[in-house]
>>> print(open('protein-v8.txt').read())   # compact mmCIF, C-alpha atoms
# COMPACT_ATOMS: atom_id res chain seq x y z
CA MET A 138 33.59 -17.82 23.32
CA PHE A 139 30.11 -19.34 23.48
CA THR A 140 28.84 -20.98 20.29
CA LEU A 141 25.36 -22.46 19.88
CA VAL A 142 25.05 -25.00 17.06
CA ILE A 143 21.51 -25.97 16.06
CA GLY A 144 20.35 -28.45 13.46
CA GLY A 145 17.83 -31.13 12.64
CA ALA A 146 18.32 -34.87 12.99
CA ALA A 147 21.35 -36.13 11.03
CA SER A 148 22.13 -32.57 9.86
CA GLY A 149 25.84 -32.77 10.67
CA LYS A 150 25.51 -30.43 13.66
CA SER A 151 27.43 -32.70 16.04
CA GLU A 152 30.34 -33.20 13.68
CA TYR A 153 30.48 -29.47 12.95
CA ALA A 154 30.37 -28.58 16.67
CA GLU A 155 33.13 -31.06 17.40
CA GLY A 156 35.27 -29.36 14.76
CA VAL A 157 34.71 -25.99 16.44
CA VAL A 158 36.02 -27.44 19.70
CA LEU A 159 38.96 -29.12 17.97
CA ARG A 160 40.00 -25.71 16.55
CA SER A 161 39.86 -24.08 19.97
CA PRO A 162 43.22 -23.18 21.50
CA HIS A 163 41.89 -24.11 24.95
CA ARG A 164 42.86 -27.39 26.59
CA PRO A 165 41.82 -29.78 27.96
CA ARG A 166 38.79 -30.75 25.85
CA TYR A 167 35.66 -31.89 27.63
CA TYR A 168 32.72 -33.67 26.07
CA ILE A 169 29.61 -33.46 28.23
CA ALA A 170 27.39 -36.36 27.23
CA THR A 171 23.71 -35.99 28.09
CA MET A 172 22.16 -39.07 26.49
CA GLU A 173 21.24 -41.58 29.14
CA PRO A 174 21.47 -45.06 27.59
CA PHE A 175 18.32 -46.87 28.71
CA ASP A 176 18.66 -49.91 26.45
CA GLY A 177 20.95 -51.75 24.07
CA GLU A 178 20.24 -49.32 21.24
CA GLY A 179 21.15 -46.37 23.47
CA ARG A 180 24.32 -48.07 24.69
CA ALA A 181 25.32 -48.83 21.07
CA ARG A 182 24.78 -45.19 20.13
CA VAL A 183 26.91 -44.01 23.06
CA GLU A 184 29.66 -46.45 22.08
CA LYS A 185 29.52 -45.24 18.47
CA HIS A 186 30.00 -41.64 19.63
CA ARG A 187 32.91 -42.66 21.87
CA ARG A 188 34.61 -44.38 18.91
CA MET A 189 34.07 -41.24 16.80
CA ARG A 190 35.83 -39.12 19.47
CA ALA A 191 38.67 -41.60 20.01
CA GLY A 192 42.05 -40.00 19.52
CA LYS A 193 40.65 -36.45 19.69
CA GLN A 194 41.70 -35.91 23.30
CA PHE A 195 38.24 -35.41 24.79
CA GLU A 196 37.61 -36.16 28.43
CA THR A 197 34.02 -37.42 28.64
CA VAL A 198 31.79 -36.21 31.46
CA GLU A 199 28.39 -37.90 31.64
CA CYS A 200 25.60 -35.64 32.88
CA TYR A 201 21.99 -36.61 32.36
CA THR A 202 20.40 -34.02 34.69
CA GLY A 203 21.64 -31.29 37.01
CA LEU A 204 24.14 -29.71 34.61
CA SER A 205 24.94 -26.94 37.08
CA SER A 206 26.55 -29.53 39.38
CA VAL A 207 29.29 -30.31 36.83
CA ARG A 208 32.71 -29.13 38.02
CA LEU A 209 35.52 -29.11 35.49
CA PRO A 210 39.00 -29.67 36.92
CA GLU A 211 40.60 -27.14 34.53
CA ARG A 212 39.47 -24.37 32.19
CA GLY A 213 39.34 -25.73 28.67
CA ALA A 214 37.09 -26.20 25.68
CA VAL A 215 33.70 -27.81 26.30
CA LEU A 216 31.31 -29.54 23.92
CA LEU A 217 27.84 -30.03 25.41
CA GLU A 218 25.97 -32.69 23.42
CA CYS A 219 23.02 -32.08 23.44
CA VAL A 220 20.31 -29.77 24.76
CA GLY A 221 17.53 -31.99 23.38
CA ASN A 222 18.57 -34.94 25.53
CA LEU A 223 19.25 -32.80 28.58
CA ALA A 224 15.86 -31.05 28.30
CA ALA A 225 14.03 -34.37 27.95
CA ASN A 226 15.89 -35.78 30.94
CA GLU A 227 15.03 -32.77 33.09
CA LEU A 228 11.40 -32.80 31.99
CA TYR A 229 10.66 -36.54 32.07
CA SER A 230 13.26 -38.38 34.18
CA PRO A 231 11.62 -40.14 37.13
CA LYS A 232 14.42 -38.77 39.34
CA GLU A 233 14.21 -35.18 38.13
CA ALA A 234 10.84 -34.75 36.40
CA GLY A 235 9.71 -31.17 36.59
CA SER A 236 7.72 -28.47 34.94
CA VAL A 237 8.71 -26.83 31.67
CA HIS A 238 9.88 -23.78 33.59
CA ALA A 239 11.93 -25.79 36.12
CA SER A 240 13.50 -27.78 33.27
CA TRP A 241 14.31 -24.57 31.35
CA ARG A 242 15.92 -23.11 34.46
CA ALA A 243 17.96 -26.29 35.10
CA VAL A 244 19.39 -26.32 31.57
CA THR A 245 20.03 -22.58 31.20
CA THR A 246 21.63 -22.17 34.63
CA GLY A 247 23.71 -25.25 33.92
CA VAL A 248 25.01 -23.72 30.69
CA GLN A 249 25.80 -20.51 32.57
CA ALA A 250 27.73 -22.54 35.16
CA LEU A 251 29.77 -24.18 32.39
CA LEU A 252 30.52 -20.79 30.83
CA SER A 253 32.14 -19.68 34.07
CA GLN A 254 34.46 -22.72 33.99
CA CYS A 255 35.77 -22.83 30.43
CA GLY A 256 37.52 -20.87 27.72
CA ASP A 257 35.25 -22.02 24.89
CA LEU A 258 31.81 -23.56 25.12
CA VAL A 259 30.05 -25.17 22.17
CA VAL A 260 26.47 -26.27 22.80
CA VAL A 261 24.62 -28.54 20.37
CA SER A 262 20.84 -28.35 20.19
CA ASN A 263 18.00 -29.56 18.04
CA GLU A 264 15.99 -27.53 15.58
CA VAL A 265 12.62 -28.80 16.69
CA PHE A 266 9.96 -27.26 14.48
CA THR A 267 10.66 -28.75 11.05
CA GLY A 268 9.69 -32.34 11.79
CA GLY A 269 5.95 -32.37 11.40
CA GLU A 270 2.63 -31.18 12.67
CA ARG A 271 1.24 -34.04 14.74
CA TYR A 272 3.00 -35.35 17.80
CA ALA A 273 2.21 -37.69 20.64
CA GLU A 274 0.46 -36.21 23.66
CA GLY A 275 2.91 -34.32 25.87
CA THR A 276 5.41 -33.74 23.10
CA ASP A 277 4.31 -30.11 22.77
CA ASP A 278 5.76 -29.40 26.24
CA TYR A 279 9.10 -30.83 25.16
CA LEU A 280 9.15 -28.92 21.87
CA ARG A 281 8.26 -25.67 23.61
CA LEU A 282 10.96 -26.32 26.23
CA VAL A 283 13.71 -26.90 23.66
CA ALA A 284 12.58 -23.85 21.66
CA GLU A 285 12.65 -21.65 24.78
CA ILE A 286 16.09 -22.97 25.77
CA ASN A 287 17.39 -22.34 22.23
CA HIS A 288 16.00 -18.80 22.32
CA THR A 289 17.61 -18.08 25.70
CA LEU A 290 20.97 -19.59 24.72
CA ALA A 291 21.00 -17.79 21.36
CA ALA A 292 20.56 -14.46 23.13
CA ARG A 293 23.55 -15.23 25.39
CA ALA A 294 25.79 -16.82 22.76
CA ASP A 295 28.58 -15.03 20.91
CA ARG A 296 27.90 -17.14 17.83
CA VAL A 297 24.77 -18.95 16.66
CA CYS A 298 24.98 -21.40 13.80
CA GLU A 299 22.48 -23.69 12.11
CA VAL A 300 23.83 -26.73 10.29
CA VAL A 301 21.89 -28.20 7.36
CA CYS A 302 23.35 -31.07 5.29
CA GLY A 303 26.68 -30.48 7.02
CA LEU A 304 26.78 -26.83 5.95
CA PRO A 305 26.91 -24.14 8.66
CA ARG A 306 25.01 -20.87 8.42
CA TYR A 307 25.81 -18.23 11.02
CA TYR A 308 23.00 -16.04 12.28
CA LYS A 309 25.07 -14.35 14.97
CA GLY A 310 28.83 -13.85 14.99
CA ALA A 311 31.11 -15.41 12.42
CA ALA A 312 32.67 -18.79 11.87
CA GLY A 313 35.78 -19.23 13.95
>>> encode(input="protein-v8.txt", output="structure tokens")
Amino acid sequence: MFTLVIGGAASGKSEYAEGVVLRSPHRPRYYIATMEPFDGEGRARVEKHRRMRAGKQFETVECYTGLSSVRLPERGAVLLECVGNLAANELYSPKEAGSVHASWRAVTTGVQALLSQCGDLVVVSNEVFTGGERYAEGTDDYLRLVAEINHTLAARADRVCEVVCGLPRYYKGAAG
């Protein structure tokens, strides 16, 4: 089962997606972390997320770019957190910087590769078009990239859910 969970900043999407994975009958549980901690604030955020997952039997796999290279040792339940970070890494990372199309391809083929290795896949992504009208130069490429990835993943997903204020609304499939 492939579930796409979308939501704005601090919407509760990550917590909701984690719950979907925790209800999955598939084991082991993998958490694919895509946020590359560049500074103390980033490292603190990563540590906070690790503490939140403590005791929930997740095996953390860090992957900042090149998602299709991830190889899971066993079929299980996977939580990919999150498309927004992964897309930004693919688009802007000095090691991997590419075009919008190349970044889209890297993320979407990576998700497809994960699907072939797991029983349940839950992908968290950002809802990117409710934040404002004016952005820094170059941000439009990122927003378009995330929107195109969301569109592609939603078409492939069995379930698509948006979380607002911690409340899920399913647009495709039903809560499981």
>>> closest_atom_pairs(input="protein-v8.txt", of="stretch 269-293 of chain A", to="stretch 308-312 of chain A", cutoff="12 Å", atoms="only C-alpha atoms", output="CSV")
residue,atom,partner,partner_atom,distance
A:Leu290,CA,A:Lys309,CA,11.8
A:Ala291,CA,A:Lys309,CA,8.3
A:Ala292,CA,A:Lys309,CA,9.3
A:Arg293,CA,A:Lys309,CA,10.6
>>> write_last_selection(input="protein-v8.txt", atoms="C-alpha atoms", output="mmCIF file, in the coordinates of the input")
data_model
loop_
_atom_site.group_PDB
_atom_site.id
_atom_site.type_symbol
_atom_site.label_atom_id
_atom_site.label_comp_id
_atom_site.auth_asym_id
_atom_site.auth_seq_id
_atom_site.Cartn_x
_atom_site.Cartn_y
_atom_site.Cartn_z
ATOM 1 C CA LEU A 290 20.970 -19.590 24.720
ATOM 2 C CA ALA A 291 21.000 -17.790 21.360
ATOM 3 C CA ALA A 292 20.560 -14.460 23.130
ATOM 4 C CA ARG A 293 23.550 -15.230 25.390
#
>>> residues_around(input="protein-v8.txt", residues="A:Leu217", least_positions_apart="5", cutoff="8 Å", atoms="all atoms listed in the file", output="PDB file with C-alpha atoms, keeping the file's coordinate frame")
ATOM      1  CA  TYR A 168      32.720 -33.670  26.070  1.00  0.00           C
ATOM      2  CA  ILE A 169      29.610 -33.460  28.230  1.00  0.00           C
ATOM      3  CA  ALA A 170      27.390 -36.360  27.230  1.00  0.00           C
ATOM      4  CA  THR A 171      23.710 -35.990  28.090  1.00  0.00           C
ATOM      5  CA  LEU A 258      31.810 -23.560  25.120  1.00  0.00           C
ATOM      6  CA  VAL A 259      30.050 -25.170  22.170  1.00  0.00           C
ATOM      7  CA  VAL A 260      26.470 -26.270  22.800  1.00  0.00           C
ATOM      8  CA  VAL A 261      24.620 -28.540  20.370  1.00  0.00           C
TER       9      VAL A 261
END
>>> closest_residue(input="protein-v8.txt", among="A:Gly203, A:Gly177, A:Gly192, A:Gly221", to="A:Leu282", atoms="only C-alpha atoms")
A:Gly221
>>> closest_residue(input="protein-v8.txt", among="A:Gly303, A:Gly235, A:Gly247, A:Gly179", to="A:Val207", atoms="all atoms listed in the file")
A:Gly247
>>> residues_around(input="protein-v8.txt", residues="A:Glu211", least_positions_apart="6", cutoff="10 Å", atoms="only C-alpha atoms", output="list in words")
Arg164, Pro165, Arg166, Tyr167, Gln254, Cys255 and Gly256 of chain A
>>> residues_around(input="protein-v8.txt", residues="stretch 294-299 of chain A", least_positions_apart="6", cutoff="7 Å", atoms="all atoms listed in the file", output="list in words")
Met138, Phe139, Thr140, Leu141, Val142, Ile143, Gly144, Pro305, Arg306, Tyr307, Tyr308, Lys309, Gly310 and Ala311 of chain A
>>> write_last_selection(input="protein-v8.txt", atoms="C-alpha atoms", output="PDB file, in the frame of the given file")
ATOM      1  CA  MET A 138      33.590 -17.820  23.320  1.00  0.00           C
ATOM      2  CA  PHE A 139      30.110 -19.340  23.480  1.00  0.00           C
ATOM      3  CA  THR A 140      28.840 -20.980  20.290  1.00  0.00           C
ATOM      4  CA  LEU A 141      25.360 -22.460  19.880  1.00  0.00           C
ATOM      5  CA  VAL A 142      25.050 -25.000  17.060  1.00  0.00           C
ATOM      6  CA  ILE A 143      21.510 -25.970  16.060  1.00  0.00           C
ATOM      7  CA  GLY A 144      20.350 -28.450  13.460  1.00  0.00           C
ATOM      8  CA  PRO A 305      26.910 -24.140   8.660  1.00  0.00           C
ATOM      9  CA  ARG A 306      25.010 -20.870   8.420  1.00  0.00           C
ATOM     10  CA  TYR A 307      25.810 -18.230  11.020  1.00  0.00           C
ATOM     11  CA  TYR A 308      23.000 -16.040  12.280  1.00  0.00           C
ATOM     12  CA  LYS A 309      25.070 -14.350  14.970  1.00  0.00           C
ATOM     13  CA  GLY A 310      28.830 -13.850  14.990  1.00  0.00           C
ATOM     14  CA  ALA A 311      31.110 -15.410  12.420  1.00  0.00           C
TER      15      ALA A 311
END
>>> atom_distance(input="protein-v8.txt", atom1="atom CA of A:Glu155", atom2="atom CA of A:Thr276")
28.4 Å
>>> closest_residue(input="protein-v8.txt", among="A:Arg242, A:His288, A:His163, A:Lys185", to="A:Leu204", atoms="all atoms listed in the file")
A:Arg242
>>> closest_residue(input="protein-v8.txt", among="A:Gly313, A:Ala191, A:Asp176, A:Ile286", to="A:Thr246", atoms="all atoms listed in the file")
A:Ile286
>>> atom_distance(input="protein-v8.txt", atom1="atom CA of A:Phe266", atom2="atom CA of A:Glu152")
21.2 Å
>>> atom_distance(input="protein-v8.txt", atom1="atom CA of A:Met172", atom2="atom CA of A:Ser151")
13.3 Å
>>> closest_residue(input="protein-v8.txt", among="A:Ala214, A:Val158, A:Ala147, A:Cys219", to="A:Cys200", atoms="all atoms listed in the file")
A:Cys219
>>> closest_residue(input="protein-v8.txt", among="A:Val248, A:Asp277, A:Arg187, A:Val220", to="A:Asn263", atoms="only C-alpha atoms")
A:Val220
>>> axis_aligned_box(input="protein-v8.txt", around="stretch 207-218 of chain A", padding_each_side="5 Å", output="AutoDock Vina command-line options")
--center_x 33.3 --center_y -28.5 --center_z 30.7 --size_x 24.6 --size_y 18.3 --size_z 24.6
>>> residues_around(input="protein-v8.txt", residues="A:Tyr229", least_positions_apart="6", cutoff="12 Å", atoms="all atoms listed in the file", output="short mmCIF file (atom, residue, chain, number, x, y, z; two decimals) with C-alpha atoms, in the frame of the given file")
data_model
loop_
_atom_site.label_atom_id
_atom_site.label_comp_id
_atom_site.auth_asym_id
_atom_site.auth_seq_id
_atom_site.Cartn_x
_atom_site.Cartn_y
_atom_site.Cartn_z
CA TYR A 201 21.99 -36.61 32.36
CA THR A 202 20.40 -34.02 34.69
CA GLY A 221 17.53 -31.99 23.38
CA ASN A 222 18.57 -34.94 25.53
CA LEU A 223 19.25 -32.80 28.58
CA GLY A 235 9.71 -31.17 36.59
CA SER A 236 7.72 -28.47 34.94
CA VAL A 237 8.71 -26.83 31.67
CA ALA A 239 11.93 -25.79 36.12
CA SER A 240 13.50 -27.78 33.27
CA GLY A 275 2.91 -34.32 25.87
CA THR A 276 5.41 -33.74 23.10
CA ASP A 278 5.76 -29.40 26.24
CA TYR A 279 9.10 -30.83 25.16
CA LEU A 282 10.96 -26.32 26.23
#
